[in-house]
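Student: Following this line is target_6.cif, made up of mmCIF, C-alpha atoms and all ligand atoms; chains and numbers go by the auth columns:
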data_model
loop_
_atom_site.group_PDB
_atom_site.id
_atom_site.type_symbol
_atom_site.label_atom_id
_atom_site.label_comp_id
_atom_site.label_asym_id
_atom_site.label_seq_id
_atom_site.Cartn_x
_atom_site.Cartn_y
_atom_site.Cartn_z
_atom_site.B_iso_or_equiv
_atom_site.auth_seq_id
_atom_site.auth_asym_id
ATOM 1 C CA MET A 1 186.924 92.941 -47.785 0.00 16 A
ATOM 2 C CA SER A 2 187.596 90.061 -45.420 0.00 17 A
ATOM 3 C CA VAL A 3 184.841 87.673 -44.427 0.00 18 A
ATOM 4 C CA ARG A 4 182.906 88.392 -41.231 0.00 19 A
ATOM 5 C CA VAL A 5 182.912 85.869 -38.422 0.00 20 A
ATOM 6 C CA LYS A 6 180.135 84.978 -35.993 0.00 21 A
ATOM 7 C CA ILE A 7 180.980 82.862 -32.978 0.00 22 A
ATOM 8 C CA CYS A 8 177.795 81.144 -31.840 0.00 23 A
ATOM 9 C CA GLY A 9 176.807 79.593 -28.524 0.00 24 A
ATOM 10 C CA ILE A 10 178.498 82.018 -26.136 0.00 25 A
ATOM 11 C CA THR A 11 177.601 81.196 -22.530 0.00 26 A
ATOM 12 C CA ARG A 12 180.483 82.705 -20.512 0.00 27 A
ATOM 13 C CA THR A 13 181.967 86.170 -20.081 0.00 28 A
ATOM 14 C CA GLU A 14 185.514 84.932 -20.643 0.00 29 A
ATOM 15 C CA ASP A 15 184.523 83.360 -23.961 0.00 30 A
ATOM 16 C CA LEU A 16 182.811 86.586 -25.020 0.00 31 A
ATOM 17 C CA HIS A 17 185.950 88.605 -24.279 0.00 32 A
ATOM 18 C CA ALA A 18 188.232 86.064 -25.988 0.00 33 A
ATOM 19 C CA ALA A 19 186.111 86.072 -29.152 0.00 34 A
ATOM 20 C CA CYS A 20 185.919 89.873 -29.295 0.00 35 A
ATOM 21 C CA ALA A 21 189.659 90.238 -28.648 0.00 36 A
ATOM 22 C CA ALA A 22 190.328 87.801 -31.494 0.00 37 A
ATOM 23 C CA GLY A 23 188.265 89.919 -33.913 0.00 38 A
ATOM 24 C CA ALA A 24 184.783 88.370 -33.941 0.00 39 A
ATOM 25 C CA ASP A 25 182.220 90.488 -35.767 0.00 40 A
ATOM 26 C CA ALA A 26 179.186 88.896 -34.117 0.00 41 A
ATOM 27 C CA LEU A 27 178.394 86.624 -31.196 0.00 42 A
ATOM 28 C CA GLY A 28 175.428 84.265 -31.004 0.00 43 A
ATOM 29 C CA PHE A 29 173.326 83.554 -27.917 0.00 44 A
ATOM 30 C CA VAL A 30 171.125 80.454 -27.995 0.00 45 A
ATOM 31 C CA PHE A 31 167.616 80.806 -26.534 0.00 46 A
ATOM 32 C CA TYR A 32 166.622 77.188 -27.135 0.00 47 A
ATOM 33 C CA ASP A 33 166.359 75.208 -23.964 0.00 48 A
ATOM 34 C CA LYS A 34 167.231 71.834 -25.517 0.00 49 A
ATOM 35 C CA SER A 35 170.660 73.134 -26.540 0.00 50 A
ATOM 36 C CA PRO A 36 173.713 72.570 -24.321 0.00 51 A
ATOM 37 C CA ARG A 37 174.576 76.191 -25.235 0.00 52 A
ATOM 38 C CA HIS A 38 171.297 77.595 -23.965 0.00 53 A
ATOM 39 C CA VAL A 39 171.340 80.859 -22.011 0.00 54 A
ATOM 40 C CA SER A 40 168.505 82.426 -20.033 0.00 55 A
ATOM 41 C CA ALA A 41 167.329 85.933 -20.851 0.00 56 A
ATOM 42 C CA ALA A 42 168.893 87.202 -17.624 0.00 57 A
ATOM 43 C CA ALA A 43 172.233 85.528 -18.345 0.00 58 A
ATOM 44 C CA ALA A 44 172.208 86.927 -21.882 0.00 59 A
ATOM 45 C CA ALA A 45 171.428 90.401 -20.581 0.00 60 A
ATOM 46 C CA ALA A 46 174.473 90.196 -18.301 0.00 61 A
ATOM 47 C CA LEU A 47 176.650 88.971 -21.171 0.00 62 A
ATOM 48 C CA LEU A 48 175.406 91.726 -23.475 0.00 63 A
ATOM 49 C CA ARG A 49 176.504 94.351 -20.964 0.00 64 A
ATOM 50 C CA GLU A 50 180.067 93.089 -21.604 0.00 65 A
ATOM 51 C CA MET A 51 179.866 93.555 -25.380 0.00 66 A
ATOM 52 C CA PRO A 52 182.294 96.097 -26.838 0.00 67 A
ATOM 53 C CA PRO A 53 181.069 98.515 -29.522 0.00 68 A
ATOM 54 C CA PHE A 54 180.874 97.372 -33.151 0.00 69 A
ATOM 55 C CA VAL A 55 180.370 93.682 -32.316 0.00 70 A
ATOM 56 C CA GLN A 56 176.830 92.505 -33.043 0.00 71 A
ATOM 57 C CA SER A 57 174.770 90.350 -30.712 0.00 72 A
ATOM 58 C CA VAL A 58 172.595 87.711 -32.369 0.00 73 A
ATOM 59 C CA GLY A 59 169.772 85.933 -30.529 0.00 74 A
ATOM 60 C CA LEU A 60 168.958 82.475 -31.784 0.00 75 A
ATOM 61 C CA PHE A 61 165.471 80.988 -31.525 0.00 76 A
ATOM 62 C CA VAL A 62 163.971 77.672 -32.653 0.00 77 A
ATOM 63 C CA ASP A 63 160.216 77.765 -33.308 0.00 78 A
ATOM 64 C CA ALA A 64 159.838 79.900 -30.203 0.00 79 A
ATOM 65 C CA ASP A 65 156.591 81.301 -28.860 0.00 80 A
ATOM 66 C CA PRO A 66 156.513 84.959 -30.041 0.00 81 A
ATOM 67 C CA ALA A 67 155.794 86.023 -26.454 0.00 82 A
ATOM 68 C CA PHE A 68 159.035 84.353 -25.384 0.00 83 A
ATOM 69 C CA VAL A 69 161.007 86.229 -28.065 0.00 84 A
ATOM 70 C CA GLU A 70 159.455 89.510 -26.899 0.00 85 A
ATOM 71 C CA ALA A 71 160.231 88.687 -23.249 0.00 86 A
ATOM 72 C CA VAL A 72 163.890 88.083 -24.152 0.00 87 A
ATOM 73 C CA LEU A 73 164.012 91.358 -26.110 0.00 88 A
ATOM 74 C CA GLN A 74 162.665 93.222 -23.080 0.00 89 A
ATOM 75 C CA VAL A 75 165.798 92.416 -21.086 0.00 90 A
ATOM 76 C CA ALA A 76 168.429 91.598 -23.709 0.00 91 A
ATOM 77 C CA PRO A 77 168.909 94.301 -26.405 0.00 92 A
ATOM 78 C CA LEU A 78 169.895 91.995 -29.260 0.00 93 A
ATOM 79 C CA ASP A 79 171.065 93.513 -32.544 0.00 94 A
ATOM 80 C CA LEU A 80 169.810 90.682 -34.763 0.00 95 A
ATOM 81 C CA LEU A 81 167.440 87.735 -34.427 0.00 96 A
ATOM 82 C CA GLN A 82 168.299 84.347 -35.941 0.00 97 A
ATOM 83 C CA PHE A 83 165.416 81.972 -36.604 0.00 98 A
ATOM 84 C CA HIS A 84 166.706 78.425 -36.730 0.00 99 A
ATOM 85 C CA GLY A 85 163.514 76.357 -36.929 0.00 100 A
ATOM 86 C CA ASP A 86 160.581 76.081 -39.318 0.00 101 A
ATOM 87 C CA GLU A 87 159.504 79.702 -38.910 0.00 102 A
ATOM 88 C CA THR A 88 157.617 81.298 -41.809 0.00 103 A
ATOM 89 C CA PRO A 89 158.555 84.709 -43.245 0.00 104 A
ATOM 90 C CA ALA A 90 155.636 86.176 -41.263 0.00 105 A
ATOM 91 C CA ASP A 91 156.884 84.549 -38.027 0.00 106 A
ATOM 92 C CA CYS A 92 160.319 86.088 -38.587 0.00 107 A
ATOM 93 C CA ALA A 93 158.978 89.546 -39.470 0.00 108 A
ATOM 94 C CA ARG A 94 156.478 89.913 -36.638 0.00 109 A
ATOM 95 C CA HIS A 95 159.012 91.272 -34.133 0.00 110 A
ATOM 96 C CA GLY A 96 159.967 94.179 -36.397 0.00 111 A
ATOM 97 C CA ARG A 97 163.658 93.446 -35.888 0.00 112 A
ATOM 98 C CA PRO A 98 166.378 92.666 -38.421 0.00 113 A
ATOM 99 C CA TYR A 99 166.775 88.930 -38.730 0.00 114 A
ATOM 100 C CA LEU A 100 168.680 86.046 -40.292 0.00 115 A
ATOM 101 C CA LYS A 101 166.877 82.905 -41.434 0.00 116 A
ATOM 102 C CA ALA A 102 168.745 79.663 -40.944 0.00 117 A
ATOM 103 C CA ILE A 103 168.215 77.058 -43.648 0.00 118 A
ATOM 104 C CA ARG A 104 169.293 73.477 -42.967 0.00 119 A
ATOM 105 C CA VAL A 105 170.485 72.416 -46.391 0.00 120 A
ATOM 106 C CA ASN A 106 169.934 68.991 -47.949 0.00 121 A
ATOM 107 C CA PRO A 107 170.007 67.986 -51.635 0.00 122 A
ATOM 108 C CA ASP A 108 166.278 68.786 -51.998 0.00 123 A
ATOM 109 C CA THR A 109 166.570 72.344 -50.634 0.00 124 A
ATOM 110 C CA ASP A 110 165.678 75.028 -53.179 0.00 125 A
ATOM 111 C CA LEU A 111 167.862 77.858 -51.922 0.00 126 A
ATOM 112 C CA LEU A 112 166.697 80.286 -54.605 0.00 127 A
ATOM 113 C CA LYS A 113 163.116 79.778 -53.408 0.00 128 A
ATOM 114 C CA CYS A 114 164.242 80.213 -49.776 0.00 129 A
ATOM 115 C CA ALA A 115 165.907 83.502 -50.700 0.00 130 A
ATOM 116 C CA ALA A 116 162.730 84.675 -52.439 0.00 131 A
ATOM 117 C CA ASP A 117 160.503 83.587 -49.550 0.00 132 A
ATOM 118 C CA PHE A 118 162.746 85.273 -46.954 0.00 133 A
ATOM 119 C CA GLU A 119 163.573 88.348 -49.046 0.00 134 A
ATOM 120 C CA ALA A 120 163.143 90.541 -45.945 0.00 135 A
ATOM 121 C CA ALA A 121 165.910 88.691 -44.099 0.00 136 A
ATOM 122 C CA ARG A 122 169.309 90.350 -43.724 0.00 137 A
ATOM 123 C CA GLY A 123 170.887 87.083 -44.806 0.00 138 A
ATOM 124 C CA LEU A 124 170.519 83.321 -45.025 0.00 139 A
ATOM 125 C CA LEU A 125 172.550 81.261 -42.578 0.00 140 A
ATOM 126 C CA LEU A 126 173.178 77.944 -44.312 0.00 141 A
ATOM 127 C CA ASP A 127 173.636 75.011 -41.953 0.00 142 A
ATOM 128 C CA ALA A 128 173.747 71.229 -42.243 0.00 143 A
ATOM 129 C CA PHE A 129 170.535 69.198 -42.167 0.00 144 A
ATOM 130 C CA VAL A 130 170.667 66.591 -39.420 0.00 145 A
ATOM 131 C CA PRO A 131 167.271 65.001 -38.644 0.00 146 A
ATOM 132 C CA GLY A 132 166.030 65.873 -35.167 0.00 147 A
ATOM 133 C CA VAL A 133 168.833 68.314 -34.329 0.00 148 A
ATOM 134 C CA PRO A 134 168.146 71.922 -35.338 0.00 149 A
ATOM 135 C CA GLY A 135 171.724 73.200 -35.091 0.00 150 A
ATOM 136 C CA GLY A 136 175.106 73.106 -33.449 0.00 151 A
ATOM 137 C CA THR A 137 175.662 69.660 -34.941 0.00 152 A
ATOM 138 C CA GLY A 138 179.287 69.955 -36.056 0.00 153 A
ATOM 139 C CA GLU A 139 178.243 68.506 -39.410 0.00 154 A
ATOM 140 C CA ARG A 140 179.149 69.945 -42.818 0.00 155 A
ATOM 141 C CA PHE A 141 176.903 69.946 -45.859 0.00 156 A
ATOM 142 C CA ASP A 142 177.717 69.847 -49.557 0.00 157 A
ATOM 143 C CA TRP A 143 178.749 73.422 -50.374 0.00 158 A
ATOM 144 C CA SER A 144 178.204 72.800 -54.089 0.00 159 A
ATOM 145 C CA LEU A 145 174.452 72.952 -53.328 0.00 160 A
ATOM 146 C CA ILE A 146 174.777 76.735 -52.811 0.00 161 A
ATOM 147 C CA PRO A 147 173.850 78.638 -55.988 0.00 162 A
ATOM 148 C CA ARG A 148 176.397 81.303 -56.988 0.00 163 A
ATOM 149 C CA GLU A 149 173.687 83.884 -57.651 0.00 164 A
ATOM 150 C CA LEU A 150 171.836 83.888 -54.307 0.00 165 A
ATOM 151 C CA PRO A 151 170.385 87.393 -53.846 0.00 166 A
ATOM 152 C CA LEU A 152 170.931 87.519 -50.052 0.00 167 A
ATOM 153 C CA PRO A 153 174.173 87.546 -48.055 0.00 168 A
ATOM 154 C CA VAL A 154 175.223 83.981 -47.195 0.00 169 A
ATOM 155 C CA ILE A 155 176.428 83.109 -43.730 0.00 170 A
ATOM 156 C CA LEU A 156 178.112 79.724 -44.126 0.00 171 A
ATOM 157 C CA SER A 157 177.765 77.411 -41.169 0.00 172 A
ATOM 158 C CA GLY A 158 177.811 73.750 -40.217 0.00 173 A
ATOM 159 C CA GLY A 159 180.869 71.760 -39.226 0.00 174 A
ATOM 160 C CA LEU A 160 183.358 74.577 -39.698 0.00 175 A
ATOM 161 C CA ASP A 161 186.522 74.561 -37.616 0.00 176 A
ATOM 162 C CA PRO A 162 190.015 76.090 -37.711 0.00 177 A
ATOM 163 C CA GLY A 163 191.154 73.301 -40.027 0.00 178 A
ATOM 164 C CA ASN A 164 188.575 73.802 -42.773 0.00 179 A
ATOM 165 C CA VAL A 165 187.457 77.432 -42.545 0.00 180 A
ATOM 166 C CA ALA A 166 190.047 78.724 -45.035 0.00 181 A
ATOM 167 C CA GLU A 167 188.918 76.187 -47.642 0.00 182 A
ATOM 168 C CA ALA A 168 185.287 77.097 -46.903 0.00 183 A
ATOM 169 C CA VAL A 169 185.888 80.811 -47.440 0.00 184 A
ATOM 170 C CA ARG A 170 187.914 80.267 -50.633 0.00 185 A
ATOM 171 C CA THR A 171 185.328 77.844 -52.056 0.00 186 A
ATOM 172 C CA VAL A 172 182.037 79.542 -51.162 0.00 187 A
ATOM 173 C CA ARG A 173 183.089 83.208 -50.782 0.00 188 A
ATOM 174 C CA PRO A 174 180.327 83.806 -48.202 0.00 189 A
ATOM 175 C CA TRP A 175 179.519 87.148 -46.573 0.00 190 A
ATOM 176 C CA ALA A 176 180.269 85.561 -43.208 0.00 191 A
ATOM 177 C CA VAL A 177 181.089 82.283 -41.533 0.00 192 A
ATOM 178 C CA ASP A 178 179.495 80.979 -38.357 0.00 193 A
ATOM 179 C CA VAL A 179 180.808 78.366 -35.938 0.00 194 A
ATOM 180 C CA SER A 180 179.831 76.797 -32.668 0.00 195 A
ATOM 181 C CA SER A 181 181.098 73.299 -31.881 0.00 196 A
ATOM 182 C CA GLY A 182 184.252 73.596 -34.009 0.00 197 A
ATOM 183 C CA VAL A 183 185.766 76.104 -31.567 0.00 198 A
ATOM 184 C CA GLU A 184 184.656 74.447 -28.333 0.00 199 A
ATOM 185 C CA ALA A 185 186.629 72.747 -25.563 0.00 200 A
ATOM 186 C CA SER A 186 183.387 71.062 -24.492 0.00 201 A
ATOM 187 C CA LYS A 187 179.728 71.756 -25.230 0.00 202 A
ATOM 188 C CA GLY A 188 178.970 75.387 -24.380 0.00 203 A
ATOM 189 C CA ILE A 189 182.584 76.167 -23.427 0.00 204 A
ATOM 190 C CA LYS A 190 184.766 77.847 -26.042 0.00 205 A
ATOM 191 C CA ASP A 191 188.470 77.110 -26.559 0.00 206 A
ATOM 192 C CA ALA A 192 190.170 80.537 -26.848 0.00 207 A
ATOM 193 C CA LEU A 193 192.988 79.216 -29.056 0.00 208 A
ATOM 194 C CA LYS A 194 190.572 77.558 -31.492 0.00 209 A
ATOM 195 C CA VAL A 195 188.461 80.730 -31.575 0.00 210 A
ATOM 196 C CA ALA A 196 191.520 82.868 -32.382 0.00 211 A
ATOM 197 C CA GLN A 197 192.773 80.417 -35.040 0.00 212 A
ATOM 198 C CA PHE A 198 189.335 80.213 -36.629 0.00 213 A
ATOM 199 C CA ILE A 199 188.947 83.981 -36.902 0.00 214 A
ATOM 200 C CA ALA A 200 192.498 84.594 -38.129 0.00 215 A
ATOM 201 C CA ARG A 201 192.302 81.877 -40.800 0.00 216 A
ATOM 202 C CA ALA A 202 188.847 82.972 -41.982 0.00 217 A
ATOM 203 C CA LYS A 203 189.881 86.593 -42.344 0.00 218 A
ATOM 204 C CA ALA A 204 193.187 85.758 -44.048 0.00 219 A
ATOM 205 C CA SER A 205 191.452 83.706 -46.769 0.00 220 A
HETATM 206 O O1 LIG B . 174.341 75.723 -31.144 0.00 1 B
HETATM 207 C C1 LIG B . 173.323 75.089 -30.805 0.00 1 B
HETATM 208 O O2 LIG B . 173.319 74.319 -29.829 0.00 1 B
HETATM 209 C C2 LIG B . 172.076 75.224 -31.599 0.00 1 B
HETATM 210 C C3 LIG B . 170.944 74.517 -31.200 0.00 1 B
HETATM 211 C C4 LIG B . 169.774 74.644 -31.906 0.00 1 B
HETATM 212 C C5 LIG B . 169.712 75.436 -33.011 0.00 1 B
HETATM 213 C C6 LIG B . 170.838 76.129 -33.423 0.00 1 B
HETATM 214 C C7 LIG B . 172.015 76.032 -32.734 0.00 1 B
HETATM 215 N N1 LIG B . 173.164 76.690 -33.168 0.00 1 B
HETATM 216 C C8 LIG B . 173.080 77.588 -34.275 0.00 1 B
HETATM 217 C C9 LIG B . 174.301 78.107 -34.873 0.00 1 B
HETATM 218 O O3 LIG B . 174.287 79.226 -35.414 0.00 1 B
HETATM 219 C C10 LIG B . 175.500 77.224 -35.018 0.00 1 B
HETATM 220 O O4 LIG B . 176.642 78.010 -35.048 0.00 1 B
HETATM 221 C C11 LIG B . 175.363 76.447 -36.302 0.00 1 B
HETATM 222 O O5 LIG B . 174.278 75.575 -36.176 0.00 1 B
HETATM 223 C C12 LIG B . 176.642 75.650 -36.624 0.00 1 B
HETATM 224 O O6 LIG B . 176.963 74.784 -35.588 0.00 1 B
HETATM 225 P P1 LIG B . 178.291 73.916 -35.662 0.00 1 B
HETATM 226 O O7 LIG B . 178.143 72.958 -36.790 0.00 1 B
HETATM 227 O O8 LIG B . 178.359 73.265 -34.330 0.00 1 B
HETATM 228 O O9 LIG B . 179.435 74.882 -35.874 0.00 1 B
#
How does this structure look as structure tokens?
Tutor:
Amino acid sequence: MSVRVKICGITRTEDLHAACAAGADALGFVFYDKSPRHVSAAAAAALLREMPPFVQSVGLFVDADPAFVEAVLQVAPLDLLQFHGDETPADCARHGRPYLKAIRVNPDTDLLKCAADFEAARGLLLDAFVPGVPGGTGERFDWSLIPRELPLPVILSGGLDPGNVAEAVRTVRPWAVDVSSGVEASKGIKDALKVAQFIARAKAS
């Protein structure tokens, strides 16, 4: 079974179509207003109407007010939620939707404890820890910090790009890989060639 690929930080219809045509399994939409990849609920709703079948939409939130998450869900029918801040298991579960928990990994992170704490998550998205920046950093972390026996699907993220994704898949054997800045032409704008290369190389590995 080839690895799944999520392309995060989609802001434009043409990028959505390019990623889906290249074989993306999931697209991420960032509802965090400090991100250069931020989309409004209305813009996301319009983008979601362009989604083909069998590609999942993932809504990304960072320590958001629960009322804001519910307001987004009213207009944008997201398939999965991704919590990328310091949310607790209860915060993540309160919307009654399937979710991923992002963990920003540093040498002190106990990933086995994270997996136990977030046992209700559909997977753990492992990203780099960069102080003050919750995600989309373009930074890698030390993949040897990931225990082999994690009981949840791992979505490997952080500093991946078309040049290193094959090595990442061969080394970590994750359920999925996730990328944002590594396939961009500029912040929030995807490069269709990089997106296609990333997906092809991930799935061939
Ligand atoms: O992409 C963002 O701007 C962002 C901002 C705040 C929290 C999370 C964010 N992105 C989440 C993702 O899932 C990214 O794909 C992940 O952090 C990896 O990013 P990158 O290292 O740029 O590939």
Student: For this file, the PyMOL selection byres (((chain A and resi 63) around 12) and not hetatm) selects which residues, as a PyMOL selection string?
Tutor: chain A and resi 25-28+31-32+41-44+54+56-62+64-68+70-74+88+90-94
Student: Chain A near ligand LIG 1 (chain B) within 9 Å: what's each residue's closest atom pair and its distance in Å to one decimal, counting only C-alpha atoms and all ligand atoms, ordered by chain then ascending residue number, as a tab-separated table?
Tutor:
residue	atom	partner	partner_atom	distance
A:Lys21	CA	B:LIG1	O4	7.9
A:Ile22	CA	B:LIG1	O4	6.8
A:Cys23	CA	B:LIG1	O4	4.6
A:Gly24	CA	B:LIG1	O1	5.3
A:Gly43	CA	B:LIG1	O3	6.8
A:Phe44	CA	B:LIG1	O1	8.5
A:Val45	CA	B:LIG1	C2	6.4
A:Phe46	CA	B:LIG1	C4	8.5
A:Tyr47	CA	B:LIG1	C4	6.3
A:Asp48	CA	B:LIG1	C3	8.6
A:Lys49	CA	B:LIG1	C3	7.3
A:Ser50	CA	B:LIG1	O2	4.4
A:Pro51	CA	B:LIG1	O2	5.8
A:Arg52	CA	B:LIG1	O2	5.1
A:His53	CA	B:LIG1	O2	7.0
A:Leu75	CA	B:LIG1	C6	6.8
A:Phe76	CA	B:LIG1	C5	7.1
A:Val77	CA	B:LIG1	C5	6.2
A:Gln97	CA	B:LIG1	O3	7.9
A:Phe98	CA	B:LIG1	C6	8.6
A:His99	CA	B:LIG1	C5	5.6
A:Gly100	CA	B:LIG1	C5	7.4
A:Ala117	CA	B:LIG1	O3	7.8
A:Arg119	CA	B:LIG1	O5	8.7
A:Leu140	CA	B:LIG1	O3	7.6
A:Leu141	CA	B:LIG1	C11	8.4
A:Asp142	CA	B:LIG1	O5	5.8
A:Ala143	CA	B:LIG1	O7	7.2
A:Val148	CA	B:LIG1	C4	6.8
A:Pro149	CA	B:LIG1	C5	4.5
A:Gly150	CA	B:LIG1	C6	3.5
A:Gly151	CA	B:LIG1	O6	3.3
A:Thr152	CA	B:LIG1	O7	4.5
A:Gly153	CA	B:LIG1	O7	3.3
A:Glu154	CA	B:LIG1	O7	5.2
A:Arg155	CA	B:LIG1	O7	6.8
A:Leu171	CA	B:LIG1	C12	8.7
A:Ser172	CA	B:LIG1	C12	5.0
A:Gly173	CA	B:LIG1	O7	3.5
A:Gly174	CA	B:LIG1	O7	3.8
A:Leu175	CA	B:LIG1	O9	5.5
A:Asp176	CA	B:LIG1	O9	7.3
A:Val192	CA	B:LIG1	O4	8.9
A:Asp193	CA	B:LIG1	O4	5.3
A:Val194	CA	B:LIG1	O9	3.7
A:Ser195	CA	B:LIG1	O9	3.8
A:Ser196	CA	B:LIG1	O8	3.7
A:Gly197	CA	B:LIG1	O9	5.3
A:Val198	CA	B:LIG1	O9	7.8
A:Glu199	CA	B:LIG1	O8	8.8
A:Lys202	CA	B:LIG1	O2	8.3
A:Gly203	CA	B:LIG1	O2	7.9
Student: Have a look at CA of Pro168 in chain A and CA of Gly138 in chain A and let me know their distance in Å, one decimal.
Tutor: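 We find that CA of Pro168 in chain A and CA of Gly138 in chain A lie 4.6 Å from each other.
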Student: As an exercise, work out the distance from CA of Tyr114 in chain A to CA of Ala130 in chain A in Å and give it to one decimal place.
Tutor: 13.2 Å
Student: Rank A:Gln89, A:Ala79, A:Asp123, A:Ala131 by their smallest atom-to-atom distance to Pro104 in chain A, using all atoms listed in the file, and report the top residue only.
Tutor: A:Ala131
Student: As an exercise, work out the distance from CA of Lys209 in chain A to CA of Pro177 in chain A in Å and give it to one decimal place.
Tutor: 6.4 Å
Student: Please return, as an MDAnalysis selection string, all polymer residues that have at least one atom within 8 Å of the point (157.1, 85.4, -45.2); use only C-alpha atoms and the file's own coordinate frame.
Tutor: chainID A and resid 103:108 132:133 135
Student: Could you dump the residues just selected with C-alpha atoms as a CSV table (one decimal), keeping the file's coordinate frame?
Tutor:
chain,number,residue,atom,x,y,z
A,103,THR,CA,157.6,81.3,-41.8
A,104,PRO,CA,158.6,84.7,-43.2
A,105,ALA,CA,155.6,86.2,-41.3
A,106,ASP,CA,156.9,84.5,-38.0
A,107,CYS,CA,160.3,86.1,-38.6
A,108,ALA,CA,159.0,89.5,-39.5
A,132,ASP,CA,160.5,83.6,-49.6
A,133,PHE,CA,162.7,85.3,-47.0
A,135,ALA,CA,163.1,90.5,-45.9
Student: Here is a test: counting only C-alpha atoms, which residue of A:Ile204, A:Asn179, A:Asp80, A:Asn121 is nearest to Ala217 in chain A?
Tutor: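 Looking at the shortest contact to Ala217 in chain A, the residue is A:Asn179.
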Student: Box along x, y and z, 6 Å on every side, all listed atoms of range 86-102 of chain A inside: centre and edge lengths in Å to one decimal, as AutoDock Vina command-line options.
Tutor:
--center_x 165.3 --center_y 85.2 --center_z -30.2 --size_x 23.6 --size_y 30.2 --size_z 30.2
Student: So, with all atoms listed in the file as the atoms that count, which of A:Arg109, A:Arg188, A:Lys128, A:Lys205 lies closest to Glu29 in chain A?
Tutor: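 Residue with the minimum atom-to-atom distance to Glu29 in chain A: A:Lys205.
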Student: Could you expand the PyMOL selection byres (((chain A and resi 33) around 9) and not hetatm) into the explicit residues it covers here, written as a ChimeraX atom specification?
Tutor: /A:28-32,34-39,205-208,210-211
Student: Is it possible to get the residues within 8 Å of (173.1, 71.0, -51.7) (coordinates as in the file, counting all atoms listed in the file) written as a ChimeraX atom specification?
Tutor: /A:120-124,156-161
